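**Q** File entry.txt below, compact mmCIF, C-alpha atoms:
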```txt
# COMPACT_ATOMS: atom_id res chain seq x y z
CA MET A 67 -1.47 31.44 -141.05
CA ALA A 68 -2.43 34.44 -139.03
CA LEU A 69 -0.78 35.48 -135.82
CA GLU A 70 -3.94 34.47 -134.05
CA ASP A 71 -3.53 30.86 -135.13
CA VAL A 72 -0.42 30.37 -133.09
CA PRO A 73 -1.21 29.12 -129.62
CA PHE A 74 0.81 31.75 -127.87
CA SER A 75 1.28 31.55 -124.19
CA GLY A 76 0.86 35.26 -123.97
CA ARG A 77 -2.69 34.98 -125.20
CA SER A 78 -3.63 33.49 -121.91
CA GLY A 79 -1.92 36.35 -120.20
CA ARG A 80 0.58 34.04 -118.53
CA GLY A 81 3.60 35.48 -120.25
CA LEU A 82 2.83 38.94 -119.03
CA PRO A 83 4.50 40.20 -115.90
CA HIS A 84 2.66 43.37 -115.17
CA GLU A 85 -0.97 42.59 -115.74
CA GLY A 86 -2.01 43.39 -112.23
CA ASP A 87 -0.23 46.71 -112.35
CA GLN A 88 -2.26 48.41 -114.99
CA ALA A 89 -4.83 49.95 -112.72
CA ASP A 90 -3.75 53.50 -113.39
CA GLY A 91 -3.30 52.78 -117.06
CA SER A 92 0.14 54.31 -117.28
CA GLY A 93 3.50 54.40 -115.59
CA SER A 94 6.00 51.58 -115.67
CA PRO A 95 5.91 48.12 -114.20
CA PRO A 96 7.07 48.61 -110.63
CA GLY A 97 10.27 47.02 -109.45
CA ILE A 98 11.46 45.94 -112.88
CA PRO A 99 14.44 47.82 -114.28
CA LEU A 100 14.28 49.03 -117.84
CA PRO A 101 16.16 46.78 -120.25
CA ALA A 102 19.34 48.32 -121.63
CA GLY A 103 18.55 50.52 -124.60
CA ASP A 104 14.96 51.00 -123.54
CA GLU A 105 13.36 54.42 -123.43
CA ARG A 106 10.35 56.01 -121.84
CA LEU A 107 7.67 57.38 -124.15
CA PRO A 108 6.40 60.89 -123.34
CA CYS A 109 3.42 59.25 -121.59
CA GLY A 110 5.80 57.63 -119.13
CA ARG A 111 5.57 54.05 -120.34
CA PRO A 112 8.72 52.17 -121.32
CA LEU A 113 8.77 51.25 -125.00
CA SER A 114 9.63 47.63 -124.15
CA TRP A 115 6.49 47.34 -122.06
CA VAL A 116 4.26 48.85 -124.71
CA TRP A 117 5.58 46.31 -127.21
CA GLU A 118 5.15 43.40 -124.83
CA LEU A 119 1.57 44.47 -124.17
CA ALA A 120 0.92 44.80 -127.88
CA ARG A 121 2.26 41.34 -128.63
CA ASP A 122 1.13 39.37 -125.59
CA ALA A 123 -1.97 40.92 -124.04
CA THR A 124 -5.23 39.04 -124.46
CA GLU A 125 -7.38 42.13 -124.79
CA ALA A 126 -6.85 45.69 -125.94
CA ASP A 127 -5.21 47.86 -123.32
CA PRO A 128 -7.31 51.01 -122.66
CA HIS A 129 -4.30 53.26 -122.19
CA THR A 130 -2.70 52.19 -125.46
CA VAL A 131 -5.94 52.79 -127.34
CA GLY A 132 -6.14 56.36 -126.09
CA CYS A 133 -2.45 57.30 -126.08
CA PRO A 134 -0.97 58.68 -129.32
CA TYR A 135 2.61 57.83 -128.24
CA CYS A 136 1.80 54.23 -127.46
CA ARG A 137 -0.24 53.86 -130.65
CA GLN A 138 2.64 55.18 -132.69
CA ALA A 139 5.04 52.82 -130.95
CA VAL A 140 2.79 49.86 -131.70
CA GLU A 141 2.42 50.92 -135.31
CA GLY A 142 6.20 50.77 -135.51
CA LEU A 143 5.88 47.00 -135.24
CA THR A 144 3.63 46.71 -138.30
CA ALA A 145 6.22 45.88 -140.93
CA LEU A 146 8.04 43.47 -138.63
CA ASP A 147 4.75 41.77 -137.72
CA ARG A 148 3.85 41.30 -141.35
CA ALA A 149 7.24 39.73 -142.13
CA THR A 150 7.02 37.57 -139.00
CA ARG A 151 3.61 36.27 -140.03
CA ALA A 152 4.95 35.43 -143.47
CA MET A 153 7.94 33.64 -142.00
CA ARG A 154 5.76 31.69 -139.59
CA ALA A 155 3.53 30.60 -142.45
CA GLU A 156 6.45 29.13 -144.35
CA GLU A 157 6.44 25.40 -144.73
CA ARG A 158 8.35 23.70 -141.93
CA PRO A 159 11.25 21.65 -143.17
CA ALA A 160 10.36 17.98 -143.45
CA GLY A 161 11.91 16.18 -140.52
CA GLN A 162 11.32 12.67 -141.81
CA THR A 163 14.66 12.03 -143.51
CA LEU A 164 16.58 13.56 -140.65
CA ALA A 165 14.61 11.51 -138.11
CA GLU A 166 15.50 8.31 -139.95
CA ARG A 167 19.15 9.27 -140.06
CA VAL A 168 19.10 10.02 -136.35
CA MET A 169 17.55 6.66 -135.56
CA ARG A 170 20.15 4.77 -137.60
CA ALA A 171 22.86 6.48 -135.59
CA VAL A 172 21.03 5.81 -132.31
CA ARG A 173 20.62 2.11 -133.11
CA ASP A 174 24.33 1.87 -133.83
CA GLU A 175 24.95 2.77 -130.23
CA VAL A 176 24.22 -0.44 -128.45
CA ARG A 177 23.16 0.01 -124.89
CA LEU A 178 23.01 -3.36 -123.23
CA GLY A 179 22.77 -2.87 -119.48
CA ARG A 180 23.44 -5.80 -117.20
CA MET A 181 23.00 -9.42 -118.20
CA LEU A 182 20.08 -11.61 -117.14
CA PRO A 183 20.08 -15.40 -116.88
CA LEU A 184 18.07 -17.31 -119.42
CA ASP A 185 16.17 -20.37 -118.29
CA ASP A 186 18.92 -22.74 -119.32
CA PRO A 187 19.89 -25.81 -117.27
CA SER A 188 23.59 -25.26 -117.89
CA LEU A 189 23.29 -21.65 -116.59
CA ASP A 190 25.48 -20.47 -119.44
CA LEU A 191 23.09 -18.43 -121.54
CA ARG A 192 22.48 -14.78 -120.75
CA ILE A 193 20.61 -11.94 -122.36
CA ALA A 194 21.16 -8.20 -122.10
CA GLU A 195 18.65 -6.46 -119.84
CA THR A 196 17.84 -3.76 -122.40
CA ILE A 197 16.97 -6.25 -125.10
CA ALA A 198 14.82 -8.34 -122.78
CA ALA A 199 13.06 -5.22 -121.45
CA ASN A 200 12.27 -4.08 -124.99
CA VAL A 201 10.66 -7.43 -125.85
CA LEU A 202 8.60 -7.38 -122.65
CA ARG A 203 7.44 -3.80 -123.30
CA ARG A 204 6.31 -4.76 -126.78
CA ALA A 205 4.33 -7.62 -125.27
CA ALA A 206 2.58 -5.20 -122.92
CA ASP A 207 1.93 -2.79 -125.81
CA SER A 208 0.19 -5.58 -127.70
CA VAL A 209 -2.70 -5.46 -125.22
CA PRO A 210 -5.21 -2.93 -126.60
CA GLY A 211 -5.37 0.17 -124.42
CA ALA A 212 -2.09 -0.62 -122.63
CA ARG A 213 1.35 0.95 -123.05
CA ALA A 214 4.44 -0.02 -121.12
CA ILE A 215 6.53 2.80 -119.71
CA SER A 216 9.33 1.54 -117.49
CA CYS A 217 10.37 -2.12 -117.57
CA ARG A 218 13.07 -3.39 -115.23
CA PRO A 219 13.81 -7.08 -115.35
CA ALA A 220 16.17 -8.09 -112.52
CA PRO A 221 17.88 -11.38 -111.78
CA GLY A 222 16.49 -13.30 -108.80
CA ASP A 223 18.62 -14.44 -105.89
CA ASP A 224 18.99 -17.96 -107.17
CA GLY A 225 20.69 -16.80 -110.35
CA THR A 226 18.26 -18.59 -112.68
CA THR A 227 15.02 -16.67 -112.36
CA VAL A 228 14.01 -13.13 -113.23
CA HIS A 229 11.73 -10.64 -111.52
CA VAL A 230 10.02 -7.99 -113.69
CA THR A 231 8.94 -4.55 -112.48
CA MET A 232 6.86 -2.63 -115.01
CA THR A 233 4.95 0.65 -115.02
CA LEU A 234 2.01 1.16 -117.35
CA ALA A 235 -0.23 3.75 -118.96
CA LEU A 236 -3.74 2.31 -119.40
CA ALA A 237 -6.84 3.55 -121.17
CA PRO A 238 -9.58 4.21 -118.60
CA ASP A 239 -12.37 2.63 -120.65
CA GLN A 240 -12.45 -0.61 -118.69
CA PRO A 241 -11.50 -1.62 -115.17
CA LEU A 242 -7.75 -1.28 -114.75
CA PRO A 243 -7.24 -4.63 -112.95
CA ASP A 244 -8.77 -6.52 -115.89
CA ARG A 245 -6.45 -4.88 -118.35
CA ALA A 246 -3.46 -5.25 -116.04
CA ALA A 247 -4.18 -8.96 -115.84
CA LEU A 248 -4.04 -9.17 -119.64
CA VAL A 249 -0.72 -7.32 -119.59
CA ARG A 250 0.72 -9.70 -117.01
CA LYS A 251 -0.36 -12.66 -119.13
CA ALA A 252 1.19 -11.17 -122.28
CA VAL A 253 4.45 -10.36 -120.48
CA LEU A 254 4.74 -13.84 -118.99
CA ARG A 255 4.03 -15.44 -122.34
CA ALA A 256 6.67 -13.35 -124.12
CA ALA A 257 9.19 -14.03 -121.36
CA ASP A 258 8.59 -17.74 -121.65
CA ARG A 259 8.07 -18.27 -125.38
CA THR A 260 10.01 -15.45 -127.02
CA LEU A 261 12.94 -15.10 -124.67
CA GLY A 262 13.07 -18.21 -122.51
CA LEU A 263 13.28 -16.32 -119.25
CA ALA A 264 12.05 -17.93 -116.05
CA VAL A 265 10.02 -15.02 -114.70
CA THR A 266 8.88 -15.58 -111.13
CA ASN A 267 6.70 -12.50 -110.78
CA VAL A 268 5.61 -9.40 -112.66
CA ASP A 269 5.03 -6.31 -110.52
CA LEU A 270 2.78 -3.89 -112.35
CA GLU A 271 2.09 -0.30 -111.45
CA VAL A 272 -0.30 1.98 -113.33
CA VAL A 273 1.36 5.40 -113.46
CA ALA A 274 -0.73 7.19 -116.12
CA LEU A 275 -3.98 7.02 -118.01
CA LEU A 276 -3.91 7.04 -121.79
CA GLU A 277 -5.82 10.13 -122.77
CA PRO A 278 -7.51 10.34 -126.14
CA ILE A 279 -5.26 12.15 -128.59
CA ARG A 280 -7.04 15.03 -130.25
CA PRO A 281 -7.37 14.41 -133.99
CA GLY A 282 -4.44 15.82 -135.91
CA ASP A 283 -2.36 16.41 -132.83
CA ALA A 284 0.45 13.99 -133.31
CA GLY A 285 2.79 14.54 -136.19
CA ARG A 286 1.14 17.81 -137.07
CA ARG A 287 3.24 20.04 -139.26
CA SER A 288 3.73 22.53 -136.48
CA GLY A 289 4.76 19.72 -134.18
CA GLN A 290 5.72 22.33 -131.65
CA THR A 291 2.49 22.06 -129.77
CA ALA A 292 1.44 18.50 -130.46
CA ALA A 293 3.49 16.85 -127.81
CA GLY A 294 4.44 19.66 -125.56
CA ASP A 295 1.33 21.57 -124.78
CA GLY A 296 -1.44 19.07 -125.03
CA GLU A 297 -0.45 16.27 -122.80
CA GLU A 298 2.39 17.46 -120.74
CA ARG A 299 0.73 19.94 -118.48
CA MET B 101 4.28 -13.25 -130.34
CA ARG B 102 1.43 -11.76 -132.28
CA LYS B 103 -1.63 -11.42 -130.13
CA PRO B 104 -4.80 -13.14 -131.27
CA ALA B 105 -7.05 -10.69 -133.02
CA ALA B 106 -9.31 -8.78 -130.69
CA PRO B 107 -13.03 -9.56 -130.90
CA LEU B 108 -14.71 -7.89 -133.84
CA SER B 109 -16.81 -5.69 -131.65
CA ARG B 110 -13.69 -4.06 -130.33
CA GLN B 111 -12.07 -3.66 -133.68
CA SER B 112 -15.07 -1.89 -135.09
CA SER B 113 -15.28 0.33 -132.08
CA ASP B 114 -14.27 3.87 -132.83
CA ASP B 115 -12.57 4.17 -129.49
CA ARG B 116 -9.33 5.78 -130.50
CA HIS B 117 -7.41 4.38 -127.55
CA ASP B 118 -7.58 0.98 -129.06
CA ALA B 119 -7.09 1.84 -132.66
CA PRO B 120 -3.29 1.94 -132.70
CA ALA B 121 -2.92 -1.19 -130.64
CA VAL B 122 -5.20 -3.58 -132.48
CA GLY B 123 -3.05 -6.09 -134.27
CA SER B 124 0.03 -4.27 -133.09
CA THR B 125 3.18 -6.29 -132.76
CA GLY B 126 5.03 -3.57 -130.96
CA SER B 127 5.94 -1.16 -133.72
CA ALA B 128 6.57 2.46 -132.96
CA GLU B 129 3.12 3.15 -134.41
CA ALA B 130 1.59 1.88 -131.22
CA LEU B 131 3.34 4.57 -129.22
CA THR B 132 2.22 7.62 -131.15
CA ASP B 133 -0.52 8.26 -128.60
CA VAL B 134 1.83 8.31 -125.62
CA ALA B 135 2.89 11.62 -124.03
CA ASP B 136 6.46 12.90 -124.30
CA ARG B 137 7.11 12.54 -120.59
CA LEU B 138 6.31 8.82 -120.58
CA LEU B 139 8.17 8.14 -123.82
CA ALA B 140 11.23 9.89 -122.40
CA LEU B 141 11.14 7.66 -119.31
CA ARG B 142 10.90 4.61 -121.51
CA ALA B 143 13.63 5.79 -123.86
CA GLY B 144 15.84 6.49 -120.87
CA GLU B 145 15.85 2.78 -120.15
CA GLY B 146 17.16 2.10 -123.63
CA ASP B 147 13.93 1.63 -125.60
CA ASP B 148 14.86 2.91 -129.04
CA GLU B 149 11.31 2.70 -130.41
CA ALA B 150 10.06 5.08 -127.76
CA PHE B 151 12.92 7.39 -128.66
CA ALA B 152 12.07 7.07 -132.36
CA VAL B 153 8.58 8.42 -131.67
CA LEU B 154 10.08 11.42 -129.88
CA VAL B 155 12.54 11.99 -132.71
CA HIS B 156 9.83 11.89 -135.37
CA ARG B 157 7.55 14.08 -133.29
CA HIS B 158 10.10 16.86 -132.75
CA SER B 159 12.57 16.74 -135.62
CA ALA B 160 10.71 19.17 -137.90
CA SER B 161 10.38 21.94 -135.34
CA LEU B 162 13.94 21.45 -134.08
CA LEU B 163 15.23 21.55 -137.64
CA ALA B 164 13.29 24.77 -138.23
CA LEU B 165 14.77 26.24 -135.05
CA SER B 166 18.28 25.24 -136.00
CA ARG B 167 17.88 26.68 -139.52
CA HIS B 168 16.65 29.96 -138.12
CA LEU B 169 19.59 30.14 -135.76
CA LEU B 170 22.26 29.03 -138.22
CA GLY B 171 20.86 30.07 -141.59
CA ASN B 172 22.50 27.08 -143.25
CA SER B 173 20.63 23.88 -143.79
CA ALA B 174 23.55 21.42 -143.83
CA ASP B 175 24.88 22.70 -140.51
CA ALA B 176 21.32 22.81 -139.20
CA GLU B 177 20.73 19.11 -139.87
CA ASP B 178 24.03 18.17 -138.26
CA ALA B 179 23.20 20.22 -135.20
CA VAL B 180 19.85 18.49 -134.73
CA GLN B 181 21.29 15.03 -135.32
CA GLU B 182 24.06 15.59 -132.79
CA ALA B 183 21.55 17.03 -130.33
CA PHE B 184 19.35 13.93 -130.56
CA LEU B 185 22.34 11.60 -130.14
CA SER B 186 23.46 13.57 -127.14
CA ALA B 187 19.94 13.37 -125.72
CA TRP B 188 19.85 9.60 -126.24
CA ARG B 189 23.10 9.25 -124.29
CA ARG B 190 21.98 11.57 -121.52
CA LEU B 191 18.39 10.37 -121.15
CA PRO B 192 19.21 7.81 -118.44
CA GLU B 193 20.28 10.74 -116.25
CA PHE B 194 17.55 13.14 -117.40
CA ARG B 195 15.71 14.21 -114.25
CA HIS B 196 12.58 15.38 -116.08
CA SER B 197 12.63 18.73 -114.32
CA ALA B 198 11.87 20.28 -117.71
CA ALA B 199 9.60 19.01 -120.47
CA PHE B 200 11.39 16.86 -123.04
CA ARG B 201 10.66 19.43 -125.74
CA THR B 202 12.18 22.28 -123.72
CA TRP B 203 15.21 20.11 -122.98
CA MET B 204 15.67 19.37 -126.70
CA TYR B 205 15.31 23.04 -127.57
CA ARG B 206 18.05 23.71 -125.07
CA ILE B 207 20.42 21.08 -126.46
CA VAL B 208 19.84 22.23 -130.05
CA THR B 209 20.28 25.89 -129.14
CA ASN B 210 23.56 25.13 -127.37
CA ARG B 211 24.78 23.14 -130.37
CA CYS B 212 23.95 26.04 -132.66
CA PHE B 213 25.75 28.51 -130.41
CA ASN B 214 28.84 26.28 -130.45
CA ILE B 215 28.74 26.09 -134.23
CA LEU B 216 28.34 29.86 -134.48
CA ARG B 217 31.26 30.44 -132.11
CA GLY B 218 33.44 28.31 -134.37
CA ARG B 219 32.52 30.33 -137.44
CA PRO B 220 34.61 33.22 -138.72
CA PRO B 221 33.39 36.64 -137.61
CA VAL B 222 30.29 37.93 -139.32
CA VAL B 223 30.99 40.04 -142.38
CA PRO B 224 29.39 43.49 -142.48
CA LEU B 225 25.73 43.35 -143.36
CA GLU B 226 26.04 45.25 -146.61
CA THR B 227 28.28 42.58 -148.11
CA VAL B 228 25.99 39.68 -147.27
CA PRO B 229 24.40 38.45 -150.47
CA GLU B 230 20.64 38.37 -150.57
CA PRO B 231 19.71 35.02 -149.03
CA ALA B 232 17.67 32.62 -151.09
CA ALA B 233 14.19 32.26 -149.68
CA PRO B 234 14.24 28.82 -148.09
CA ASP B 235 11.89 26.08 -149.23
CA MET B 236 9.54 28.21 -151.21
CA GLY B 237 8.14 25.14 -152.86
CA SER B 238 7.58 24.75 -156.56
CA ALA B 239 5.82 28.07 -157.13
CA PRO B 240 6.95 29.83 -160.29
CA ALA B 241 10.24 31.64 -159.82
CA ARG B 242 8.73 35.00 -159.26
CA VAL B 243 9.77 37.13 -156.37
CA THR B 244 6.61 38.08 -154.59
CA GLU B 245 6.50 40.82 -152.05
CA THR B 246 6.12 38.18 -149.38
CA ASP B 247 9.36 36.48 -150.43
CA ALA B 248 11.14 39.81 -150.43
CA THR B 249 9.82 40.66 -146.97
CA ILE B 250 10.96 37.31 -145.61
CA SER B 251 14.38 37.79 -147.21
CA ALA B 252 14.69 41.18 -145.57
CA LEU B 253 13.77 39.71 -142.21
CA VAL B 254 16.25 36.83 -142.63
CA THR B 255 18.97 39.36 -143.37
CA ALA B 256 17.98 41.48 -140.39
CA LEU B 257 18.03 38.41 -138.14
CA ARG B 258 21.63 37.75 -139.16
CA GLY B 259 22.56 41.15 -137.88
CA LEU B 260 21.43 40.28 -134.32
CA SER B 261 23.62 38.69 -131.69
CA ALA B 262 23.11 34.93 -131.45
CA GLU B 263 21.40 35.34 -128.06
CA GLN B 264 18.98 38.01 -129.27
CA ARG B 265 18.19 36.01 -132.38
CA ALA B 266 17.52 32.88 -130.33
CA CYS B 267 15.17 34.73 -127.96
CA TRP B 268 13.25 36.25 -130.84
CA VAL B 269 13.00 33.01 -132.84
CA LEU B 270 11.92 30.95 -129.81
CA ARG B 271 9.26 33.52 -128.90
CA GLU B 272 7.93 34.64 -132.26
CA LEU B 273 8.37 31.58 -134.46
CA HIS B 274 8.09 28.77 -131.91
CA GLY B 275 5.69 30.34 -129.42
CA LEU B 276 7.67 29.50 -126.28
CA HIS B 277 6.79 31.19 -122.98
CA TYR B 278 9.30 33.53 -121.38
CA ASP B 279 10.01 30.99 -118.64
CA GLU B 280 10.64 28.28 -121.23
CA ILE B 281 13.01 30.53 -123.16
CA ALA B 282 14.82 31.28 -119.90
CA GLN B 283 15.22 27.52 -119.34
CA VAL B 284 16.41 26.95 -122.90
CA MET B 285 18.97 29.75 -122.66
CA ASN B 286 19.90 29.07 -119.04
CA THR B 287 19.24 32.61 -117.98
CA SER B 288 16.62 34.72 -116.19
CA GLN B 289 13.27 35.81 -117.61
CA GLN B 290 14.39 39.37 -117.14
CA THR B 291 17.39 38.81 -119.39
CA VAL B 292 15.12 37.16 -121.94
CA ARG B 293 12.82 40.20 -121.92
CA GLY B 294 15.76 42.54 -122.42
CA ARG B 295 17.14 40.53 -125.34
CA LEU B 296 13.73 40.27 -126.90
CA PHE B 297 13.27 44.02 -126.66
CA ARG B 298 16.64 44.77 -128.25
CA ALA B 299 15.93 42.21 -130.98
CA ARG B 300 12.56 43.84 -131.70
CA ARG B 301 14.13 47.25 -131.75
CA SER B 302 16.82 46.26 -134.28
CA LEU B 303 14.39 44.29 -136.42
CA THR B 304 11.83 47.09 -136.41
CA GLU B 305 14.47 49.51 -137.63
CA ALA B 306 15.66 47.09 -140.30
CA MET B 307 12.10 46.51 -141.52
CA GLU B 308 11.22 50.20 -141.57
CA PRO B 309 11.54 50.48 -145.40
CA TRP B 310 8.87 47.75 -145.73
CA ARG B 311 6.11 49.66 -143.99
```
Have the structure of the file written as structure tokens, please.
**A**
Amino acid sequence: MALEDVPFSGRSGRGLPHEGDQADGSGSPPGIPLPAGDERLPCGRPLSWVWELARDATEADPHTVGCPYCRQAVEGLTALDRATRAMRAEERPAGQTLAERVMRAVRDEVRLGRMLPLDDPSLDLRIAETIAANVLRRAADSVPGARAISCRPAPGDDGTTVHVTMTLALAPDQPLPDRAALVRKAVLRAADRTLGLAVTNVDLEVVALLEPIRPGDAGRRSGQTAAGDGEER
Amino acid sequence: MRKPAAPLSRQSSDDRHDAPAVGSTGSAEALTDVADRLLALRAGEGDDEAFAVLVHRHSASLLALSRHLLGNSADAEDAVQEAFLSAWRRLPEFRHSAAFRTWMYRIVTNRCFNILRGRPPVVPLETVPEPAAPDMGSAPARVTETDATISALVTALRGLSAEQRACWVLRELHGLHYDEIAQVMNTSQQTVRGRLFRARRSLTEAMEPWR
């Protein structure tokens, strides 16, 4: 893997503080103190800045190209760069086994939340909110192009019924109300048949659209960008 | 509660939105196309399957981070496991002011710092045995120049302070922005820049013989 393959922030110039200050092609970034241990090259530029430019700038800096001191400073990075590239190209450790171990530990930590009444004439049977919410989310997920996000079942005033508030992410390939109606149906059916909850109403709110995932994004070896960069911003 | 099969026309559609959901009965598979932010909200309400997707999505890069910071794979796995458990417990209060990934990087980095603080002081560099190149696969046991370069860099990284090493690893191996590193390390971007510079300076000197 070459340095260029890594989707560095700096390549877009965003990581660089002094881009607007290069007009004169030399000098130091105004208003920013030199880091401890830094030094000024004979051309006046701080070494730290020359290195940042070399690593982060999107295009070649004209001053660096023409300045023997800056060029020499950048060449000083060569051996480190080569080793860094090699290290970056190393196989990432497999996270699978660890992930499974983590999830066993997580599932041992029961988180129940409050209790909800089941539709039971004797009013004795109750179910934990978290468990009920999980079943209702799965029901919503079973509708193609729909994913549940938040699901809050709450007991009604009469102590026997339940009110469900759910937020959704839906694919935008068909009218949202149609798909939401399918979700409501699936949630009501699961509440009734799987859990035995008397759900009086299901409030649905669409809070996100499901965007197509670029092929190879999820679970990519360098998982660092799959989830973070693509969809989050 | 299995849904009736969708009409054939939909199943044969190559619309990737639908692909994971067709025939789904609510397994974590169905959630692999959902963004971190939404999964974290869902996990915060106690949905362990949503959390499982996040764990599978991020465990490899967090394990790599923790190995680079600790240089010991048993400690590294423990650090990541504890970090995920801590995240699971704290998710209900997570205010989503940072991305989930940045938040996890922060928890793992803190764990690693705590482990390092509990370790005996670092022995002088010269007495550190040459580290084995990690996970070099099943290639014949022949020390290539690349392996040797990596070993030299690993050794040089051990000579840095934990903070400098973390800044360098987050920037150079994980590609984080300066502002993200500042969030992870709970410090200013200016401090991050200073640490990164001093890390580069030490590493450059240590790698000088390899030019």
**Q** Point out the residue among B:Thr244, B:Ser166, B:Asn214, B:Thr249 with the least atom-to-atom distance to chain A, counting only C-alpha atoms.
**A** B:Thr249
**Q** Find the residue from A:Thr226, A:Thr130, A:Ser188, A:Thr260 that sits nearest to chain B; use all atoms listed in the file when measuring.
**A**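 Between A:Thr226, A:Thr130, A:Ser188, A:Thr260, the residue approaching chain B most closely is A:Thr260.
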**Q** I'd like the interatomic distance between atom CA of B:Glu145 and atom CA of B:Pro192, to a tenth of an Å.
**A**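 That distance, rounded to one decimal, is 6.3 Å.
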**Q** I'd like the neighbourhood of A:Ala257 as a PyMOL selection string, where a residue qualifies if any of its atoms comes within 12 Å (using only C-alpha atoms), though same-chain residues fewer than 2 positions away should be ignored.
**A** (chain A and resi 182-185+193+197-206+219+227-230+250-255+259-268) or (chain B and resi 101)
**Q** At most 12 Å from (15.6, 37.2, -129.4), file frame, all atoms listed in the file: which residues, as JSON, numbers by chain?
**A** {"B": [168, 169, 257, 258, 259, 260, 261, 262, 263, 264, 265, 266, 267, 268, 269, 270, 271, 272, 273, 274, 276, 278, 281, 282, 285, 291, 292, 293, 294, 295, 296, 297, 298, 299, 300, 301, 302, 303]}
**Q** Residues as selected, C-alpha atoms, written as a tab-separated table (two decimals), in the frame of the given file, can you do that?
**A**
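Done, and the output landed in part-v9.tsv:
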```
chain	number	residue	atom	x	y	z
B	168	HIS	CA	16.65	29.96	-138.12
B	169	LEU	CA	19.59	30.14	-135.76
B	257	LEU	CA	18.03	38.41	-138.14
B	258	ARG	CA	21.63	37.75	-139.16
B	259	GLY	CA	22.56	41.15	-137.88
B	260	LEU	CA	21.43	40.28	-134.32
B	261	SER	CA	23.62	38.69	-131.69
B	262	ALA	CA	23.11	34.93	-131.45
B	263	GLU	CA	21.40	35.34	-128.06
B	264	GLN	CA	18.98	38.01	-129.27
B	265	ARG	CA	18.19	36.01	-132.38
B	266	ALA	CA	17.52	32.88	-130.33
B	267	CYS	CA	15.17	34.73	-127.96
B	268	TRP	CA	13.25	36.25	-130.84
B	269	VAL	CA	13.00	33.01	-132.84
B	270	LEU	CA	11.92	30.95	-129.81
B	271	ARG	CA	9.26	33.52	-128.90
B	272	GLU	CA	7.93	34.64	-132.26
B	273	LEU	CA	8.37	31.58	-134.46
B	274	HIS	CA	8.09	28.77	-131.91
B	276	LEU	CA	7.67	29.50	-126.28
B	278	TYR	CA	9.30	33.53	-121.38
B	281	ILE	CA	13.01	30.53	-123.16
B	282	ALA	CA	14.82	31.28	-119.90
B	285	MET	CA	18.97	29.75	-122.66
B	291	THR	CA	17.39	38.81	-119.39
B	292	VAL	CA	15.12	37.16	-121.94
B	293	ARG	CA	12.82	40.20	-121.92
B	294	GLY	CA	15.76	42.54	-122.42
B	295	ARG	CA	17.14	40.53	-125.34
B	296	LEU	CA	13.73	40.27	-126.90
B	297	PHE	CA	13.27	44.02	-126.66
B	298	ARG	CA	16.64	44.77	-128.25
B	299	ALA	CA	15.93	42.21	-130.98
B	300	ARG	CA	12.56	43.84	-131.70
B	301	ARG	CA	14.13	47.25	-131.75
B	302	SER	CA	16.82	46.26	-134.28
B	303	LEU	CA	14.39	44.29	-136.42
```
**Q** Please determine an axis-aligned box that encloses all atoms of stretch 156-165 of chain A listed in the file, with 5 Å added on each side, and express its centre and edge lengths in Å to one decimal as lines of an AutoDock Vina configuration file.
**A**
```
center_x = 11.5
center_y = 20.3
center_z = -141.4
size_x = 20.1
size_y = 27.6
size_z = 16.6
```
**Q** Just the residues within 9 Å of stretch 195-211 of chain B, please, counting only C-alpha atoms, with nothing from its chain fewer than 4 positions along; format it as a PyMOL selection string.
**A** (chain A and resi 290+293-294+298) or (chain B and resi 136-137+140-141+154+158+162-163+165-166+169+179-180+182-184+186-187+191+215-216+266+270+276+280-281+283-286)
**Q** For atom CA of A:Arg137 and atom CA of B:Arg311, determine how far apart the two atoms are, in Å to one decimal place.
**A**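 Atom-to-atom, atom CA of A:Arg137 and atom CA of B:Arg311 are spaced 15.4 Å apart.
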**Q** Can you work out which one of A:Ala235, A:Leu275, A:Ala123, A:Ala145 has the shortest atom-to-atom distance to chain B, counting only C-alpha atoms?
**A**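 Using only C-alpha atoms, the shortest distance to chain B belongs to A:Ala145.
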**Q** Measure the distance from atom CA of A:Gly225 to atom CA of A:Pro187 in Å and round it to one decimal.
**A** 11.4 Å
